[in-house]
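Shown next: my_file_2.txt, given as compact mmCIF, C-alpha atoms.
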```txt
# COMPACT_ATOMS: atom_id res chain seq x y z
CA LEU A 119 19.95 34.58 -8.50
CA GLY A 120 21.17 31.58 -10.45
CA ALA A 121 18.11 29.33 -10.01
CA ASP A 122 16.87 28.25 -13.44
CA GLY A 123 14.96 25.35 -14.89
CA PRO A 124 14.71 22.51 -15.20
CA THR A 125 17.12 21.41 -12.45
CA THR A 126 17.09 24.24 -9.90
CA PHE A 127 13.79 25.89 -10.77
CA PRO A 128 10.91 25.03 -8.42
CA SER A 129 8.82 22.09 -9.54
CA GLY A 130 5.62 24.08 -9.01
CA LEU A 131 6.20 26.45 -11.92
CA TYR A 132 7.21 25.37 -15.40
CA SER A 133 8.50 28.49 -17.10
CA ASP A 134 10.72 29.46 -19.98
CA ALA A 135 10.86 33.07 -18.76
CA PRO A 136 14.42 32.73 -17.39
CA LEU A 137 15.53 31.23 -20.71
CA LYS A 138 14.17 33.75 -23.19
CA ASP A 139 12.23 36.64 -21.62
CA GLU A 140 15.12 38.09 -19.62
CA ALA A 141 17.38 38.00 -22.67
CA ALA A 142 14.77 39.83 -24.77
CA LYS A 143 14.07 42.45 -22.10
CA GLY A 144 17.78 43.10 -21.46
CA PHE A 145 18.91 42.99 -25.09
CA ALA A 146 18.81 46.74 -25.73
CA ALA A 147 20.55 47.81 -22.51
CA ARG A 148 23.20 45.09 -22.90
CA SER A 149 23.89 46.09 -26.52
CA ARG A 150 24.26 49.77 -25.65
CA CYS A 151 26.52 48.95 -22.74
CA LEU A 152 28.79 46.70 -24.81
CA PHE A 153 28.61 48.28 -28.28
CA GLY A 154 27.32 51.83 -27.73
CA SER A 155 24.03 51.20 -29.54
CA TRP A 156 20.64 49.78 -28.56
CA SER A 157 21.15 47.17 -31.28
CA ALA A 158 24.36 45.34 -32.08
CA SER A 159 23.46 45.08 -35.78
CA PRO A 160 21.13 46.98 -38.17
CA ALA A 161 19.81 43.56 -39.25
CA ASP A 162 18.62 42.92 -35.69
CA ASP A 163 17.26 46.34 -34.83
CA TYR A 164 14.24 45.26 -32.76
CA ARG A 165 13.67 48.76 -31.32
CA PHE A 166 10.82 47.73 -29.04
CA TRP A 167 11.79 48.30 -25.43
CA GLU A 168 13.81 51.46 -25.99
CA VAL A 169 10.74 52.96 -27.71
CA LEU A 170 7.96 51.75 -25.40
CA SER A 171 9.92 51.45 -22.17
CA PRO A 172 12.62 54.13 -21.93
CA VAL A 173 12.60 54.16 -18.11
CA TRP A 174 13.27 50.42 -18.17
CA THR A 175 15.98 50.41 -20.84
CA TRP A 176 17.84 53.49 -19.62
CA GLY A 177 17.61 52.33 -16.01
CA GLN A 178 18.98 48.92 -16.87
CA TYR A 179 21.66 50.49 -19.08
CA PHE A 180 23.00 52.67 -16.25
CA TRP A 181 22.87 49.66 -13.92
CA PHE A 182 24.87 47.59 -16.41
CA LYS A 183 27.41 50.41 -16.72
CA LEU A 184 27.85 50.17 -12.96
CA THR A 185 27.83 46.39 -12.54
CA GLY A 186 28.51 45.01 -16.01
CA PRO A 187 25.89 43.27 -18.17
CA GLY A 188 24.75 39.77 -17.26
CA TYR A 189 21.88 37.64 -15.97
CA ARG A 190 22.91 37.91 -12.33
CA GLU A 191 23.39 41.66 -12.60
CA ALA A 192 19.95 42.10 -14.21
CA ARG A 193 18.39 39.96 -11.50
CA LEU A 194 20.15 41.86 -8.74
CA LEU A 195 18.51 45.07 -9.99
CA SER A 196 15.13 43.32 -9.82
CA VAL A 197 15.85 42.29 -6.23
CA VAL A 198 16.47 45.96 -5.40
CA TRP A 199 13.12 46.88 -6.97
CA SER A 200 11.40 44.05 -5.07
CA ALA A 201 12.85 45.28 -1.78
CA LEU A 202 11.59 48.79 -2.53
CA ALA A 203 8.14 47.39 -3.31
CA ALA A 204 7.94 45.54 0.02
CA LEU A 205 9.25 48.58 1.90
CA PHE A 206 6.65 50.92 0.41
CA LEU A 207 3.86 48.42 1.06
CA TYR A 208 4.84 48.60 4.71
CA LEU A 209 5.15 52.39 4.70
CA THR A 210 1.75 52.78 3.02
CA LEU A 211 -0.06 51.14 5.93
CA SER A 212 2.33 52.00 8.74
CA ARG A 213 0.71 55.38 9.54
CA HIS A 214 -2.85 54.35 8.74
CA GLU A 215 -5.24 54.30 11.67
CA LEU A 216 -7.30 51.12 11.52
CA SER A 217 -10.87 51.72 12.60
CA GLY A 218 -12.51 48.91 14.58
CA SER A 219 -9.26 47.00 15.03
CA GLY A 220 -6.87 46.22 17.81
CA ALA A 221 -3.92 46.29 15.43
CA SER A 222 -1.70 49.22 14.57
CA GLY A 223 -0.93 50.46 11.08
CA ARG A 224 2.60 49.16 11.52
CA THR A 225 1.26 45.66 12.13
CA ALA A 226 -0.86 45.85 8.97
CA GLY A 227 2.15 47.16 7.04
CA LEU A 228 4.33 44.29 8.22
CA ILE A 229 1.62 41.81 7.22
CA ALA A 230 1.36 43.31 3.72
CA ALA A 231 5.15 43.25 3.27
CA ALA A 232 5.28 39.65 4.52
CA PHE A 233 2.52 38.58 2.12
CA MET A 234 4.58 39.95 -0.76
CA SER A 235 7.98 38.76 0.47
CA PHE A 236 6.88 35.15 0.89
CA ASN A 237 4.49 34.85 -2.05
CA PHE A 238 5.68 32.15 -4.43
CA CYS A 239 5.07 34.05 -7.68
CA CYS A 240 6.52 37.27 -6.28
CA LEU A 241 9.61 35.37 -5.14
CA ILE A 242 10.06 33.75 -8.55
CA PHE A 243 9.41 36.74 -10.79
CA GLY A 244 10.62 39.36 -8.34
CA ARG A 245 14.20 38.22 -8.84
CA LEU A 246 14.08 37.88 -12.65
CA GLY A 247 15.21 40.64 -14.98
CA LEU A 248 11.67 41.43 -16.16
CA LEU A 249 9.62 44.62 -16.50
CA GLU A 250 6.96 43.59 -13.99
CA THR A 251 9.25 44.13 -10.99
CA PRO A 252 10.02 47.86 -11.47
CA LEU A 253 6.48 48.37 -12.75
CA LEU A 254 4.94 47.10 -9.52
CA ALA A 255 7.47 48.94 -7.35
CA LEU A 256 6.75 52.28 -9.07
CA LEU A 257 2.98 51.78 -8.80
CA ILE A 258 3.25 50.91 -5.11
CA MET A 259 5.29 54.08 -4.57
CA ALA A 260 2.68 56.06 -6.52
CA PHE A 261 -0.02 54.60 -4.27
CA TYR A 262 2.00 55.50 -1.18
CA PHE A 263 2.20 59.17 -2.16
CA GLN A 264 -1.39 59.27 -3.39
CA SER A 265 -2.65 57.87 -0.08
CA ARG A 266 -0.93 60.82 1.61
CA ALA A 267 -1.99 63.42 -0.94
CA SER A 268 -4.10 65.35 1.55
CA GLU A 269 -1.01 65.99 3.70
CA HIS A 270 0.98 67.98 1.15
CA PRO A 271 0.43 69.13 -2.47
CA ALA A 272 3.81 67.70 -3.50
CA ASN A 273 2.49 64.19 -2.86
CA TRP A 274 0.20 64.51 -5.89
CA VAL A 275 3.19 65.54 -7.99
CA MET A 276 5.11 62.48 -6.79
CA ALA A 277 2.17 60.13 -7.34
CA SER A 278 1.54 61.40 -10.88
CA GLY A 279 5.23 61.37 -11.77
CA LEU A 280 5.72 57.83 -10.50
CA TRP A 281 2.70 56.66 -12.48
CA LEU A 282 4.19 58.22 -15.63
CA MET A 283 7.48 56.45 -14.92
CA ALA A 284 5.58 53.17 -14.51
CA TRP A 285 3.83 53.80 -17.85
CA LEU A 286 7.26 54.28 -19.43
CA VAL A 287 8.30 50.93 -18.02
CA LYS A 288 5.26 49.02 -19.25
CA GLN A 289 1.92 50.13 -20.63
CA SER A 290 0.15 47.78 -18.23
CA ALA A 291 0.36 50.75 -15.86
CA ILE A 292 -2.87 51.88 -17.56
CA ILE A 293 -4.59 49.64 -15.01
CA TYR A 294 -3.62 52.11 -12.27
CA LEU A 295 -4.93 55.19 -14.13
CA PRO A 296 -8.52 54.82 -12.77
CA VAL A 297 -7.03 54.78 -9.26
CA LEU A 298 -5.17 58.00 -9.97
CA VAL A 299 -8.14 59.79 -11.57
CA LEU A 300 -11.11 58.46 -9.58
CA GLY A 301 -9.02 58.47 -6.42
CA PHE A 302 -8.37 62.18 -7.01
CA VAL A 303 -12.14 62.78 -7.19
CA LEU A 304 -12.79 60.80 -4.00
CA GLN A 305 -9.92 62.38 -2.10
CA SER A 306 -10.92 65.88 -3.20
CA ALA A 307 -14.43 65.27 -1.88
CA ALA A 308 -13.00 64.10 1.45
CA GLY A 309 -11.36 67.49 1.99
CA GLY A 310 -8.58 68.03 4.51
CA ALA A 311 -6.01 70.68 5.28
CA ARG A 312 -4.83 72.87 2.38
CA ARG A 313 -7.81 71.60 0.42
CA ARG A 314 -7.68 74.08 -2.44
CA LEU A 315 -3.91 73.88 -2.90
CA VAL A 316 -3.98 70.08 -2.80
CA PHE A 317 -6.84 70.04 -5.33
CA TRP A 318 -4.99 72.18 -7.88
CA ALA A 319 -1.73 70.30 -7.35
CA GLY A 320 -3.53 67.03 -8.04
CA LEU A 321 -5.48 68.30 -11.03
CA ILE A 322 -2.45 69.88 -12.70
CA SER A 323 -0.01 67.04 -12.01
CA ILE A 324 -2.42 64.29 -13.14
CA THR A 325 -3.32 66.27 -16.28
CA LEU A 326 0.36 66.77 -17.14
CA ALA A 327 1.22 63.11 -16.52
CA VAL A 328 -1.66 61.81 -18.65
CA SER A 329 -0.92 64.39 -21.36
CA ALA A 330 2.75 63.36 -21.44
CA ALA A 331 1.75 59.70 -21.79
CA GLY A 332 -0.72 60.58 -24.56
CA ALA A 333 1.80 62.76 -26.38
CA MET A 334 3.97 59.69 -26.89
CA PHE A 335 1.42 58.43 -29.42
CA LEU A 336 2.26 61.32 -31.75
CA ASP A 337 5.41 59.39 -32.68
CA TRP A 338 4.83 56.75 -35.38
CA ASP A 339 7.30 54.26 -33.88
CA TYR A 340 5.58 54.52 -30.52
CA ARG A 341 2.12 54.03 -32.06
CA ALA A 342 3.24 51.03 -34.09
CA ARG A 343 4.85 49.29 -31.15
CA SER A 344 1.89 50.13 -28.93
CA VAL A 345 -0.32 48.26 -31.39
CA MET A 346 2.08 45.31 -31.21
CA ASN A 347 1.90 45.47 -27.43
CA LEU A 348 -1.91 45.59 -27.36
CA ARG A 349 -2.07 42.77 -29.90
CA HIS A 350 0.14 40.64 -27.69
CA SER A 351 -1.90 41.42 -24.58
CA LEU A 352 -5.21 40.53 -26.23
CA ASP A 353 -3.64 37.57 -28.04
CA TYR A 354 -4.81 38.86 -31.44
CA GLN A 355 -3.18 38.11 -34.77
CA PRO A 356 -1.62 40.84 -36.95
CA ASP A 357 -3.50 41.98 -40.03
CA GLN A 358 -2.08 41.72 -43.55
CA SER A 359 -0.21 45.00 -43.23
CA ARG A 360 1.42 43.74 -40.01
CA GLU A 361 0.80 47.23 -38.60
CA TRP A 362 -2.62 46.67 -37.02
CA MET A 363 -4.41 43.57 -35.82
CA GLN A 364 -7.26 41.27 -36.68
CA VAL A 365 -9.89 42.34 -34.17
CA THR A 366 -11.42 39.09 -32.95
CA PRO A 367 -14.28 39.61 -30.47
CA SER A 368 -14.65 35.86 -30.02
CA ARG A 369 -11.06 35.67 -28.75
CA THR A 370 -11.77 38.39 -26.20
CA LEU A 371 -14.98 36.62 -25.13
CA ASP A 372 -12.91 33.47 -24.61
CA SER A 373 -10.48 35.47 -22.46
CA ILE A 374 -13.33 36.93 -20.40
CA ARG A 375 -14.88 33.50 -19.86
CA TYR A 376 -11.52 32.09 -18.83
CA ASN A 377 -10.63 34.94 -16.48
CA LEU A 378 -14.03 34.85 -14.79
CA GLY A 379 -13.95 31.07 -14.49
CA ARG A 380 -10.88 28.87 -14.38
CA GLY A 381 -8.60 31.89 -14.58
CA LEU A 382 -10.06 33.26 -11.35
CA ILE A 383 -8.71 30.13 -9.66
CA GLN A 384 -5.43 29.77 -11.54
CA GLY A 385 -4.75 33.50 -11.95
CA TYR A 386 -5.89 34.65 -8.53
CA LEU A 387 -6.65 32.11 -5.81
CA ALA A 388 -3.77 29.81 -6.75
CA MET A 389 -1.37 32.77 -6.86
CA PHE A 390 -2.65 34.25 -3.58
CA PRO A 391 -4.07 31.27 -1.65
CA VAL A 392 -4.43 33.11 1.69
CA ALA A 393 -4.17 36.79 0.74
CA GLY A 394 -6.69 36.39 -2.11
CA PRO A 395 -9.70 35.33 0.02
CA LEU A 396 -8.75 37.84 2.73
CA ALA A 397 -8.73 40.63 0.11
CA ILE A 398 -12.25 39.69 -1.00
CA LEU A 399 -13.34 39.65 2.65
CA GLU A 400 -11.97 43.18 3.09
CA LEU A 401 -13.78 44.33 -0.05
CA VAL A 402 -17.06 43.14 1.44
CA PHE A 403 -16.26 44.93 4.70
CA ILE A 404 -15.49 48.19 2.85
CA VAL A 405 -18.74 48.06 0.88
CA LEU A 406 -20.81 47.29 3.99
CA ALA A 407 -19.10 50.10 5.91
CA ILE A 408 -19.85 52.61 3.14
CA VAL A 409 -23.50 51.50 2.95
CA ARG A 410 -23.87 51.68 6.73
CA THR A 411 -22.09 54.97 7.43
CA ARG A 412 -22.32 56.78 4.05
CA LYS A 413 -18.62 57.51 4.52
CA PHE A 414 -15.40 55.88 3.39
CA GLU A 415 -11.85 55.59 4.63
CA PRO A 416 -9.61 56.96 1.84
CA LEU A 417 -6.80 54.39 1.99
CA PRO A 418 -8.97 51.21 2.05
CA ALA A 419 -11.20 52.75 -0.64
CA LEU A 420 -8.16 53.44 -2.84
CA ALA A 421 -6.88 49.89 -2.33
CA ALA A 422 -10.31 48.52 -3.24
CA LEU A 423 -10.40 50.71 -6.36
CA TRP A 424 -6.95 49.42 -7.35
CA TRP A 425 -8.07 45.81 -6.86
CA LEU A 426 -11.24 46.31 -8.91
CA SER A 427 -9.34 48.11 -11.67
CA SER A 428 -6.71 45.36 -11.79
CA ARG A 429 -9.22 42.53 -11.89
CA SER A 430 -11.31 44.32 -14.55
CA GLY A 431 -8.29 44.95 -16.75
CA LEU A 432 -6.99 41.42 -16.36
CA THR A 433 -10.38 40.04 -17.41
CA LEU A 434 -9.49 41.05 -20.98
CA GLN A 435 -5.99 39.57 -20.73
CA GLY A 436 -5.39 37.02 -23.48
CA GLN A 437 -2.12 35.74 -22.03
CA ALA A 438 -2.52 33.27 -19.17
CA PHE A 439 1.07 33.25 -17.92
CA PRO A 440 1.36 34.09 -14.18
CA ARG A 441 3.67 37.11 -14.50
CA PHE A 442 0.95 38.99 -16.41
CA TYR A 443 -1.33 38.56 -13.39
CA LEU A 444 1.13 40.12 -10.94
CA MET A 445 -0.58 43.47 -11.57
CA GLN A 446 -3.19 42.52 -8.98
CA ALA A 447 -0.63 41.57 -6.32
CA PRO A 448 -0.10 44.92 -4.51
CA SER A 449 -3.79 45.72 -4.04
CA THR A 450 -4.46 42.13 -2.97
CA PHE A 451 -1.75 42.30 -0.31
CA LEU A 452 -2.93 45.70 0.94
CA LEU A 453 -6.54 44.55 1.28
CA ALA A 454 -5.52 41.23 2.82
CA ALA A 455 -3.38 42.98 5.43
CA LEU A 456 -6.26 45.31 6.31
CA ALA A 457 -8.66 42.36 6.57
CA LEU A 458 -6.32 40.40 8.82
CA ALA A 459 -5.77 43.43 11.02
CA ARG A 460 -9.54 43.99 11.30
CA LEU A 461 -10.04 40.38 12.36
CA LEU A 462 -7.76 40.85 15.33
CA PRO A 463 -9.58 41.25 18.66
CA GLU A 464 -9.94 44.78 19.98
CA GLY A 465 -9.52 45.79 23.59
CA PRO A 466 -6.82 46.54 26.15
CA GLY A 467 -6.88 43.18 27.90
CA GLY A 468 -8.45 39.78 28.28
CA PRO A 469 -8.01 36.60 26.24
CA GLY A 470 -8.55 38.47 22.99
CA ARG A 471 -5.35 40.44 23.45
CA ARG A 472 -3.39 37.32 24.31
CA LEU A 473 -4.72 35.54 21.22
CA ARG A 474 -3.84 38.39 18.86
CA PRO A 475 -0.18 37.46 18.22
CA ALA A 476 -1.04 33.77 17.93
CA PHE A 477 -3.79 34.51 15.42
CA VAL A 478 -1.51 36.64 13.23
CA VAL A 479 1.29 34.09 13.38
CA ALA A 480 -1.06 31.23 12.49
CA VAL A 481 -2.49 32.94 9.41
CA MET A 482 0.90 34.12 8.18
CA ALA A 483 2.43 30.70 8.83
CA LEU A 484 -0.34 29.13 6.75
CA SER A 485 0.31 31.58 3.93
CA ILE A 486 4.07 30.95 3.99
CA LEU A 487 3.59 27.17 4.16
CA ILE A 488 1.24 27.07 1.17
CA ASN A 489 3.58 29.31 -0.83
CA LEU A 490 6.56 27.09 -0.01
CA LEU A 491 4.83 23.87 -1.12
CA PRO A 492 5.81 24.26 -4.81
CA TRP A 493 9.46 24.21 -3.73
CA ALA A 494 9.07 20.77 -2.17
```
Would you kindly transcribe this structure into structure tokens?
Amino acid sequence: LGADGPTTFPSGLYSDAPLKDEAAKGFAARSRCLFGSWSASPADDYRFWEVLSPVWTWGQYFWFKLTGPGYREARLLSVVWSALAALFLYLTLSRHELSGSGASGRTAGLIAAAFMSFNFCCLIFGRLGLLETPLLALLIMAFYFQSRASEHPANWVMASGLWLMAWLVKQSAIIYLPVLVLGFVLQSAAGGARRRLVFWAGLISITLAVSAAGAMFLDWDYRARSVMNLRHSLDYQPDQSREWMQVTPSRTLDSIRYNLGRGLIQGYLAMFPVAGPLAILELVFIVLAIVRTRKFEPLPALAALWWLSSRSGLTLQGQAFPRFYLMQAPSTFLLAALALARLLPEGPGGPGRRLRPAFVVAVMALSILINLLPWA
């Protein structure tokens, strides 16, 4: 919790996030905890996170009331969120039946949780007091309930509510909205028990969640800070009024070129050296399976949709810092775990069964080793 640069921070990542970003993100909650107001002084009334991210600021405020404000306390809360994220990654796959594989859903779930737990960037940013950690945890929990939506109507309510909470942590949660909406269409077509009740529960809960998120824009403060947020994401400059932005298509084209070229290496393959290629392999398998059978497995299809939505959204990203690219981490780990499980030999006996544990251990050991290299 106390590892910071330049002396104790890993040599593989040069970052000023522990020096300035945590202080900025925790400023409002700390001020309210110590002084009873989101800002300690009217002259320094930033009013950004308490407007855009009430789930973040209020959550951190109540945590600080319990533990006291401080860097270590803020980071401890992030560790709790990271543990929840890994747990729900496991739970998401644990009950999934893997077609054409000798592995169980529990094995795939453990692989996904291990990919996240030992990933270098997730280890670094998952213990910092930043918004990305609760954002990812809430989206993973939303995915967990959505993947089980056909089992009970309440799962759609949970999935929609958790997405709304994620939106009220950070607006980057918009990347998951296509998964929620298009996934609802796909899952409704798949049918299942209580089909009509599940359909209406999903339709109503998603509509209410999206409407609640949209209603926030009726407030001028929220609109103004949303523009600031979008401007920062696209790396645009403010206009003369400082309330809008200079729309610069050439800057966005530069971002697209970067994210489809060098950024694909630095912002994907370098961040997920083993899980990244495995995720792409699983995407190919899913597409081929759909073409061949004219059917789809809901959970892998949802994970693929999340990956495609994340990568598409990040293509427009004007900021190249690694923590902004963590949005693609959960779907990458889910797909990678499914791919690795599918690669395991199937059958009750023979050399294939004996090689299964060795194969899993070898791939995971390679992933862990590569992710530990920056610490050397």
*CA of Met234 (chain A) to CA of Phe390 (chain A): how many Å, to one decimal?*
9.6 Å
*Contacts of Leu257 (chain A) at 7 Å (only C-alpha atoms; same-chain gap of 6+ positions) as a list in words*: Leu280, Trp281 and Ala284 of chain A
Would you pick out the contacts of Met283 (chain A) at 7 Å or less, using all atoms listed in the file, so that residues sharing its chain but fewer than 4 positions from it are not included, and give the list as a compact mmCIF listing (two decimals) with C-alpha atoms, in the frame of the given file?
```
# COMPACT_ATOMS: atom_id res chain seq x y z
CA VAL A 173 12.60 54.16 -18.11
CA GLY A 279 5.23 61.37 -11.77
CA VAL A 287 8.30 50.93 -18.02
```
*asked:* Rounded to one decimal, what separation in Å do you get between CA of Ile383 (chain A) and CA of Leu426 (chain A)?
replied: 16.4 Å
*Tell me, as a list in words, which residues lie within 6 Å of region 444-460 of chain A, counting all atoms listed in the file; anything in the same chain fewer than 4 positions away does not count.*
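Contacts, in chain order: Ser219, Ala221, Ala226, Ile229, Ala230, Ala393, Leu396, Ala397, Glu400, Ala421, Trp424, Trp425 and Ser428 of chain A.
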Determine, counting all atoms listed in the file, which protein, DNA and RNA residues have an atom within 9 Å of an atom of Pro416 (chain A); residues of the same chain fewer than 4 positions away are not included. Present the result as a short mmCIF file (atom, residue, chain, number, x, y, z; two decimals) with C-alpha atoms, in the coordinates of the input.
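Just written: around_35.cif:
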```cif
data_model
loop_
_atom_site.label_atom_id
_atom_site.label_comp_id
_atom_site.auth_asym_id
_atom_site.auth_seq_id
_atom_site.Cartn_x
_atom_site.Cartn_y
_atom_site.Cartn_z
CA SER A 265 -2.65 57.87 -0.08
CA GLY A 301 -9.02 58.47 -6.42
CA LEU A 304 -12.79 60.80 -4.00
CA GLN A 305 -9.92 62.38 -2.10
CA ALA A 308 -13.00 64.10 1.45
CA LEU A 420 -8.16 53.44 -2.84
CA ALA A 421 -6.88 49.89 -2.33
#
```
*Near Leu170 (chain A), within 8 Å and counting all atoms listed in the file, which residues show up once chain neighbours fewer than 5 positions away are dropped, as a list in words?*
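Residues meeting the cut-off are Leu286, Val287, Lys288, Gln289, Tyr340, Arg343 and Ser344 of chain A.
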_Report, in Å to a single decimal, how far apart CA of Pro367 (chain A) and CA of Leu295 (chain A) are._
24.4 Å
_Minimum-distance residue to Ala255 (chain A), chosen among A:Trp199, A:Phe153, A:Tyr208, A:Phe236 (using all atoms listed in the file)_ =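 Among the listed residues, the smallest separation from Ala255 (chain A) belongs to A:Trp199.
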*Anything within 12 Å of (14.8, 48.7, -26.0): list those residues as an MDAnalysis selection string, counting all atoms listed in the file and sticking to the file's coordinates.*
chainID A and resid 141:150 155:158 162:179 249 286:288 340 343
_For Arg245 (chain A), the nearest of the candidates A:Val481, A:Ala277, A:Leu209, A:Ala201, counting only C-alpha atoms_ = A:Ala201
*Return the single residue from A:Gly431, A:Gly247, A:Pro475, A:Gly223 that is closest to Leu378 (chain A), with distances computed using only C-alpha atoms.*
A:Gly431
*Taking (4.0, 60.1, -11.2) in the file's coordinates as the center, which residues reach within 12 Å of it, counting all atoms listed in the file, put as number ranges by chain?*
A: 256-264, 272-286, 291, 294-295, 298, 320, 322-328, 330-331
Written selection (C-alpha atoms) as a PDB file, in the coordinates of the input:
```pdb
ATOM      1  CA  LEU A 256       6.750  52.280  -9.070  1.00  0.00           C
ATOM      2  CA  LEU A 257       2.980  51.780  -8.800  1.00  0.00           C
ATOM      3  CA  ILE A 258       3.250  50.910  -5.110  1.00  0.00           C
ATOM      4  CA  MET A 259       5.290  54.080  -4.570  1.00  0.00           C
ATOM      5  CA  ALA A 260       2.680  56.060  -6.520  1.00  0.00           C
ATOM      6  CA  PHE A 261      -0.020  54.600  -4.270  1.00  0.00           C
ATOM      7  CA  TYR A 262       2.000  55.500  -1.180  1.00  0.00           C
ATOM      8  CA  PHE A 263       2.200  59.170  -2.160  1.00  0.00           C
ATOM      9  CA  GLN A 264      -1.390  59.270  -3.390  1.00  0.00           C
ATOM     10  CA  ALA A 272       3.810  67.700  -3.500  1.00  0.00           C
ATOM     11  CA  ASN A 273       2.490  64.190  -2.860  1.00  0.00           C
ATOM     12  CA  TRP A 274       0.200  64.510  -5.890  1.00  0.00           C
ATOM     13  CA  VAL A 275       3.190  65.540  -7.990  1.00  0.00           C
ATOM     14  CA  MET A 276       5.110  62.480  -6.790  1.00  0.00           C
ATOM     15  CA  ALA A 277       2.170  60.130  -7.340  1.00  0.00           C
ATOM     16  CA  SER A 278       1.540  61.400 -10.880  1.00  0.00           C
ATOM     17  CA  GLY A 279       5.230  61.370 -11.770  1.00  0.00           C
ATOM     18  CA  LEU A 280       5.720  57.830 -10.500  1.00  0.00           C
ATOM     19  CA  TRP A 281       2.700  56.660 -12.480  1.00  0.00           C
ATOM     20  CA  LEU A 282       4.190  58.220 -15.630  1.00  0.00           C
ATOM     21  CA  MET A 283       7.480  56.450 -14.920  1.00  0.00           C
ATOM     22  CA  ALA A 284       5.580  53.170 -14.510  1.00  0.00           C
ATOM     23  CA  TRP A 285       3.830  53.800 -17.850  1.00  0.00           C
ATOM     24  CA  LEU A 286       7.260  54.280 -19.430  1.00  0.00           C
ATOM     25  CA  ALA A 291       0.360  50.750 -15.860  1.00  0.00           C
ATOM     26  CA  TYR A 294      -3.620  52.110 -12.270  1.00  0.00           C
ATOM     27  CA  LEU A 295      -4.930  55.190 -14.130  1.00  0.00           C
ATOM     28  CA  LEU A 298      -5.170  58.000  -9.970  1.00  0.00           C
ATOM     29  CA  GLY A 320      -3.530  67.030  -8.040  1.00  0.00           C
ATOM     30  CA  ILE A 322      -2.450  69.880 -12.700  1.00  0.00           C
ATOM     31  CA  SER A 323      -0.010  67.040 -12.010  1.00  0.00           C
ATOM     32  CA  ILE A 324      -2.420  64.290 -13.140  1.00  0.00           C
ATOM     33  CA  THR A 325      -3.320  66.270 -16.280  1.00  0.00           C
ATOM     34  CA  LEU A 326       0.360  66.770 -17.140  1.00  0.00           C
ATOM     35  CA  ALA A 327       1.220  63.110 -16.520  1.00  0.00           C
ATOM     36  CA  VAL A 328      -1.660  61.810 -18.650  1.00  0.00           C
ATOM     37  CA  ALA A 330       2.750  63.360 -21.440  1.00  0.00           C
ATOM     38  CA  ALA A 331       1.750  59.700 -21.790  1.00  0.00           C
TER      39      ALA A 331
END
```
